[in-house]
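Report on the structure given below.
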Protein chains: 2
Amino acid sequence: MARSTDFVRTEFILKPVGFVRSTIESRRDAPMQGYEGAPDAWIEIERAVADAVEGVQVGEAIIVITWLHAAKRETLKVHPRGNKNAPLAGVFATRSPDRPNPIGLHRVTVKEIAGTRIKVGPLEAIDGTPVVDIKPVLARSADS
Amino acid sequence: MARSTDFVRTEFILKPVGFVRSTIESRRDAPMQGYEGAPDAWIEIERAVADAVEGVQVGEAIIVITWLHAAKRETLKVHPRGNKNAPLAGVFATRSPDRPNPIGLHRVTVKEIAGTRIKVGPLEAIDGTPVVDIKPVLARSADS
């Protein structure tokens, strides 16, 4: 019980820095990963943080970090990729959107920049998904 | 002003799923990236989410997602890598820890697993840094 209390005691507040505008309207219609046929989508950056976008360039690889607002946060184990024949695995060993903190990582290419709107792709996040951060891919490791 | 209000209206609550235990005790002592000489470190997973770790394997590449609690959230532009001679850039074009939502992405290798403790490295996060998520690196793109 002490540990359970510890778990809820500390909290951090995330605020959206933008939102995804996509033709994908529901989780059912979303590919599991961007490279599995996802479309390009626009990110509308909040005006309050518009200065943070300066220097993002068309053609670059970036990591878009989202808040997967349709996720189930109480889920700790899943059948990977929804395959009921696969043994249950802890969500930290999978990319399931259902997890204690439903943070999404999406490696995409910047296709176009129009003011505070950034077109990126391919992106599997559904329309309305909050964006909480954007980072360049590191040249050294081509990773996050 | 409407937009500024929008920015603060929506919020999401992150809870730590674990904490970093490292020999690095301050930002001043931390390399900018893991591959710049960072040590291995332990992640102590909260008991409440211990089931989520099942399936994480020694030798695997994983993405540790942290909350960079020592960051300045009001920062929108920085000199990249602290180099005052470099022109200011928006934080979304840099890996600065100072940004609206100070989320850290760390690609590391799993070195050892002992119950709910996971040894990973190299990791540049300082001692006490909250961990908010862990994900496998995707084989397809070796990215985040």
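Residue numbering restarts at 1 for every chain of the structure tokens, chains are lettered A, B, ... in their displayed order, and ligands are numbered from 1 as they appear.
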Would you list which chain B residues are within 8 Å of chain A using only C-alpha atoms, as a ChimeraX atom specification? /B:3-4,7-8,10-17,46-49,51-56,63,76-77,89-95,100-101,103,105-107,132-136,142-144
DSSP helix (DSSP H, G or I) residues within chain B, as an MDAnalysis selection string: chainID B and resid 2:9 27:29 47:53 80:82 91:93
Could you take the residues named above and write them with C-alpha atoms, as a PDB file, in the first residue's frame?
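After the write, result.pdb holds the following:
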ATOM      1  CA  ALA B   2      -7.998  32.914 -26.609  1.00  0.00           C
ATOM      2  CA  ARG B   3      -5.122  30.822 -27.903  1.00  0.00           C
ATOM      3  CA  SER B   4      -3.101  31.291 -24.775  1.00  0.00           C
ATOM      4  CA  THR B   5      -6.091  30.079 -22.774  1.00  0.00           C
ATOM      5  CA  ASP B   6      -6.448  27.086 -25.096  1.00  0.00           C
ATOM      6  CA  PHE B   7      -2.851  26.200 -24.379  1.00  0.00           C
ATOM      7  CA  VAL B   8      -3.384  25.889 -20.650  1.00  0.00           C
ATOM      8  CA  ARG B   9      -6.878  24.398 -20.727  1.00  0.00           C
ATOM      9  CA  ARG B  27      22.930  18.256 -15.040  1.00  0.00           C
ATOM     10  CA  ARG B  28      26.412  19.774 -15.010  1.00  0.00           C
ATOM     11  CA  ASP B  29      27.925  16.300 -14.766  1.00  0.00           C
ATOM     12  CA  ARG B  47       5.762  -2.118  -7.930  1.00  0.00           C
ATOM     13  CA  ALA B  48       2.302  -1.043  -9.147  1.00  0.00           C
ATOM     14  CA  VAL B  49       3.385  -1.484 -12.786  1.00  0.00           C
ATOM     15  CA  ALA B  50       5.845  -4.379 -12.365  1.00  0.00           C
ATOM     16  CA  ASP B  51       3.763  -6.629 -14.665  1.00  0.00           C
ATOM     17  CA  ALA B  52       4.405  -4.242 -17.553  1.00  0.00           C
ATOM     18  CA  VAL B  53       8.101  -5.224 -17.599  1.00  0.00           C
ATOM     19  CA  PRO B  80      22.129  24.317 -29.751  1.00  0.00           C
ATOM     20  CA  ARG B  81      24.383  22.289 -27.444  1.00  0.00           C
ATOM     21  CA  GLY B  82      24.885  25.387 -25.294  1.00  0.00           C
ATOM     22  CA  VAL B  91      13.715  23.823 -28.983  1.00  0.00           C
ATOM     23  CA  PHE B  92      11.720  21.477 -31.279  1.00  0.00           C
ATOM     24  CA  ALA B  93      14.729  21.604 -33.641  1.00  0.00           C
TER      25      ALA B  93
END
Enumerate, as a ChimeraX atom specification, the complete set of residues in chain A that a backbone-based DSSP assignment places in strand (DSSP E or B). /A:12-14,18-21,41-45,61-67,77-78,89-90,103-114,117-121,130-136
Output file for the residues above (N, CA and C atoms, as a CSV table (one decimal), in the first residue's frame):
chain,number,residue,atom,x,y,z
A,12,PHE,N,3.2,14.7,-13.1
A,12,PHE,CA,3.7,15.8,-13.9
A,12,PHE,C,2.6,16.2,-14.9
A,13,ILE,N,2.5,17.4,-15.2
A,13,ILE,CA,1.5,17.9,-16.1
A,13,ILE,C,2.0,18.1,-17.5
A,14,LEU,N,1.4,17.4,-18.4
A,14,LEU,CA,1.7,17.6,-19.9
A,14,LEU,C,0.7,18.6,-20.5
A,18,GLY,N,0.5,21.0,-29.7
A,18,GLY,CA,-0.2,21.0,-31.0
A,18,GLY,C,-1.2,19.8,-31.1
A,19,PHE,N,-1.8,19.7,-32.3
A,19,PHE,CA,-2.7,18.6,-32.5
A,19,PHE,C,-2.6,18.1,-33.9
A,20,VAL,N,-2.8,16.7,-34.0
A,20,VAL,CA,-2.7,16.1,-35.3
A,20,VAL,C,-4.0,16.3,-36.1
A,21,ARG,N,-3.9,16.7,-37.3
A,21,ARG,CA,-5.1,16.8,-38.2
A,21,ARG,C,-4.8,15.7,-39.3
A,41,ALA,N,0.1,13.7,-42.5
A,41,ALA,CA,-0.9,14.4,-41.7
A,41,ALA,C,-0.3,15.8,-41.3
A,42,TRP,N,-1.2,16.7,-40.9
A,42,TRP,CA,-0.7,18.0,-40.5
A,42,TRP,C,-0.6,18.0,-39.0
A,43,ILE,N,0.4,18.7,-38.5
A,43,ILE,CA,0.4,19.1,-37.0
A,43,ILE,C,0.2,20.6,-36.9
A,44,GLU,N,-0.8,20.9,-36.2
A,44,GLU,CA,-1.1,22.3,-35.9
A,44,GLU,C,-0.5,22.7,-34.6
A,45,ILE,N,0.5,23.5,-34.7
A,45,ILE,CA,1.2,23.9,-33.4
A,45,ILE,C,0.5,25.1,-32.7
A,61,ALA,N,14.2,14.2,-40.8
A,61,ALA,CA,13.5,13.2,-40.0
A,61,ALA,C,13.4,13.7,-38.6
A,62,ILE,N,12.1,13.6,-38.0
A,62,ILE,CA,11.9,14.1,-36.7
A,62,ILE,C,11.1,13.1,-35.9
A,63,ILE,N,11.1,13.2,-34.6
A,63,ILE,CA,10.3,12.3,-33.8
A,63,ILE,C,9.1,13.2,-33.2
A,64,VAL,N,7.9,12.8,-33.6
A,64,VAL,CA,6.8,13.5,-33.1
A,64,VAL,C,6.3,12.6,-31.9
A,65,ILE,N,6.1,13.3,-30.7
A,65,ILE,CA,5.7,12.6,-29.5
A,65,ILE,C,4.3,13.0,-29.2
A,66,THR,N,3.4,12.0,-29.1
A,66,THR,CA,2.0,12.3,-28.9
A,66,THR,C,1.5,11.8,-27.6
A,67,TRP,N,0.3,12.2,-27.2
A,67,TRP,CA,-0.4,11.7,-26.1
A,67,TRP,C,-1.6,10.9,-26.7
A,77,LYS,N,-0.6,-5.7,-19.5
A,77,LYS,CA,-0.2,-6.8,-20.4
A,77,LYS,C,-1.1,-6.8,-21.6
A,78,VAL,N,-0.5,-7.2,-22.7
A,78,VAL,CA,-1.3,-7.3,-23.9
A,78,VAL,C,-0.8,-8.5,-24.8
A,89,ALA,N,2.3,-10.2,-23.1
A,89,ALA,CA,3.6,-9.6,-22.8
A,89,ALA,C,3.3,-8.3,-22.0
A,90,GLY,N,4.3,-7.9,-21.2
A,90,GLY,CA,4.2,-6.6,-20.5
A,90,GLY,C,4.2,-5.5,-21.5
A,103,ILE,N,2.2,7.5,-24.1
A,103,ILE,CA,3.0,8.3,-25.0
A,103,ILE,C,3.3,7.6,-26.3
A,104,GLY,N,3.1,8.3,-27.4
A,104,GLY,CA,3.4,7.8,-28.7
A,104,GLY,C,4.6,8.4,-29.3
A,105,LEU,N,5.5,7.5,-29.9
A,105,LEU,CA,6.7,8.0,-30.6
A,105,LEU,C,6.5,7.7,-32.1
A,106,HIS,N,6.6,8.7,-32.9
A,106,HIS,CA,6.4,8.6,-34.3
A,106,HIS,C,7.6,9.2,-35.1
A,107,ARG,N,8.3,8.3,-35.7
A,107,ARG,CA,9.4,8.9,-36.6
A,107,ARG,C,8.8,9.2,-38.0
A,108,VAL,N,8.9,10.4,-38.3
A,108,VAL,CA,8.3,10.9,-39.6
A,108,VAL,C,9.3,11.8,-40.3
A,109,THR,N,8.9,12.1,-41.6
A,109,THR,CA,9.7,13.1,-42.3
A,109,THR,C,8.8,14.4,-42.5
A,110,VAL,N,9.5,15.5,-42.4
A,110,VAL,CA,8.8,16.8,-42.5
A,110,VAL,C,8.6,17.0,-44.0
A,111,LYS,N,7.3,17.2,-44.5
A,111,LYS,CA,7.0,17.3,-45.9
A,111,LYS,C,6.8,18.7,-46.3
A,112,GLU,N,6.3,19.5,-45.4
A,112,GLU,CA,5.9,20.9,-45.7
A,112,GLU,C,5.8,21.7,-44.4
A,113,ILE,N,6.1,23.0,-44.5
A,113,ILE,CA,5.9,23.9,-43.3
A,113,ILE,C,5.1,25.1,-43.8
A,114,ALA,N,4.0,25.4,-43.1
A,114,ALA,CA,3.2,26.5,-43.5
A,114,ALA,C,2.8,27.3,-42.3
A,117,ARG,N,1.9,25.3,-39.1
A,117,ARG,CA,1.4,24.0,-39.5
A,117,ARG,C,2.5,23.2,-40.1
A,118,ILE,N,2.7,22.0,-39.7
A,118,ILE,CA,3.8,21.2,-40.2
A,118,ILE,C,3.2,19.9,-40.8
A,119,LYS,N,3.5,19.6,-42.1
A,119,LYS,CA,3.0,18.4,-42.7
A,119,LYS,C,4.1,17.3,-42.5
A,120,VAL,N,3.7,16.2,-42.0
A,120,VAL,CA,4.6,15.1,-41.7
A,120,VAL,C,4.0,13.8,-42.2
A,121,GLY,N,4.9,12.8,-42.4
A,121,GLY,CA,4.4,11.5,-42.7
A,121,GLY,C,5.5,10.5,-42.8
A,130,PRO,N,-3.3,14.8,-29.4
A,130,PRO,CA,-2.5,15.8,-29.0
A,130,PRO,C,-1.0,15.5,-29.2
A,131,VAL,N,-0.2,16.5,-29.6
A,131,VAL,CA,1.2,16.4,-29.8
A,131,VAL,C,1.8,17.1,-28.5
A,132,VAL,N,2.8,16.4,-27.9
A,132,VAL,CA,3.4,17.0,-26.7
A,132,VAL,C,4.8,17.4,-26.8
A,133,ASP,N,5.5,16.9,-27.9
A,133,ASP,CA,6.9,17.3,-28.1
A,133,ASP,C,7.3,16.9,-29.5
A,134,ILE,N,8.3,17.6,-30.0
A,134,ILE,CA,8.9,17.3,-31.3
A,134,ILE,C,10.4,17.4,-31.1
A,135,LYS,N,11.1,16.4,-31.7
A,135,LYS,CA,12.6,16.3,-31.5
A,135,LYS,C,13.2,15.9,-32.8
A,136,PRO,N,14.4,16.4,-33.1
A,136,PRO,CA,15.1,15.9,-34.3
A,136,PRO,C,15.6,14.5,-34.0
Might you pull out every residue within 7 Å of A:Asp98, with only C-alpha atoms counted and same-chain residues fewer than 6 positions away left off, and present them as a ChimeraX atom specification? /A:71-73,75
Set the distance at 8 Å and use only C-alpha atoms: which residues neighbour A:Ile24 once local chain neighbours fewer than 6 positions away are removed? I'd like the list as a PyMOL selection string. chain A and resi 30+124-127
Atoms to include: N, CA, C and O atoms. Write the selected residues as an mmCIF file, in the first residue's frame.
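Saved to part-v8.cif:
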data_model
loop_
_atom_site.group_PDB
_atom_site.id
_atom_site.type_symbol
_atom_site.label_atom_id
_atom_site.label_comp_id
_atom_site.auth_asym_id
_atom_site.auth_seq_id
_atom_site.Cartn_x
_atom_site.Cartn_y
_atom_site.Cartn_z
ATOM 1 N N ALA A 30 -6.558 3.000 -37.942
ATOM 2 C CA ALA A 30 -5.153 3.411 -37.909
ATOM 3 C C ALA A 30 -4.231 2.207 -38.088
ATOM 4 O O ALA A 30 -4.406 1.183 -37.427
ATOM 5 N N GLU A 124 0.617 7.452 -38.164
ATOM 6 C CA GLU A 124 -0.535 6.589 -37.882
ATOM 7 C C GLU A 124 -1.446 7.141 -36.794
ATOM 8 O O GLU A 124 -2.492 6.546 -36.493
ATOM 9 N N ALA A 125 -1.093 8.285 -36.189
ATOM 10 C CA ALA A 125 -1.923 8.847 -35.114
ATOM 11 C C ALA A 125 -3.257 9.343 -35.680
ATOM 12 O O ALA A 125 -3.313 9.845 -36.799
ATOM 13 N N ILE A 126 -4.317 9.201 -34.889
ATOM 14 C CA ILE A 126 -5.644 9.582 -35.381
ATOM 15 C C ILE A 126 -5.876 11.089 -35.251
ATOM 16 O O ILE A 126 -5.194 11.779 -34.478
ATOM 17 N N ASP A 127 -6.841 11.573 -36.025
ATOM 18 C CA ASP A 127 -7.201 12.984 -36.015
ATOM 19 C C ASP A 127 -7.511 13.454 -34.594
ATOM 20 O O ASP A 127 -8.219 12.771 -33.842
#
Point-to-point distance from atom CA of A:Gly128 to atom CA of A:Asp40, Å rounded to tenths: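 For atom CA of A:Gly128 relative to atom CA of A:Asp40, the distance reads 14.2 Å.
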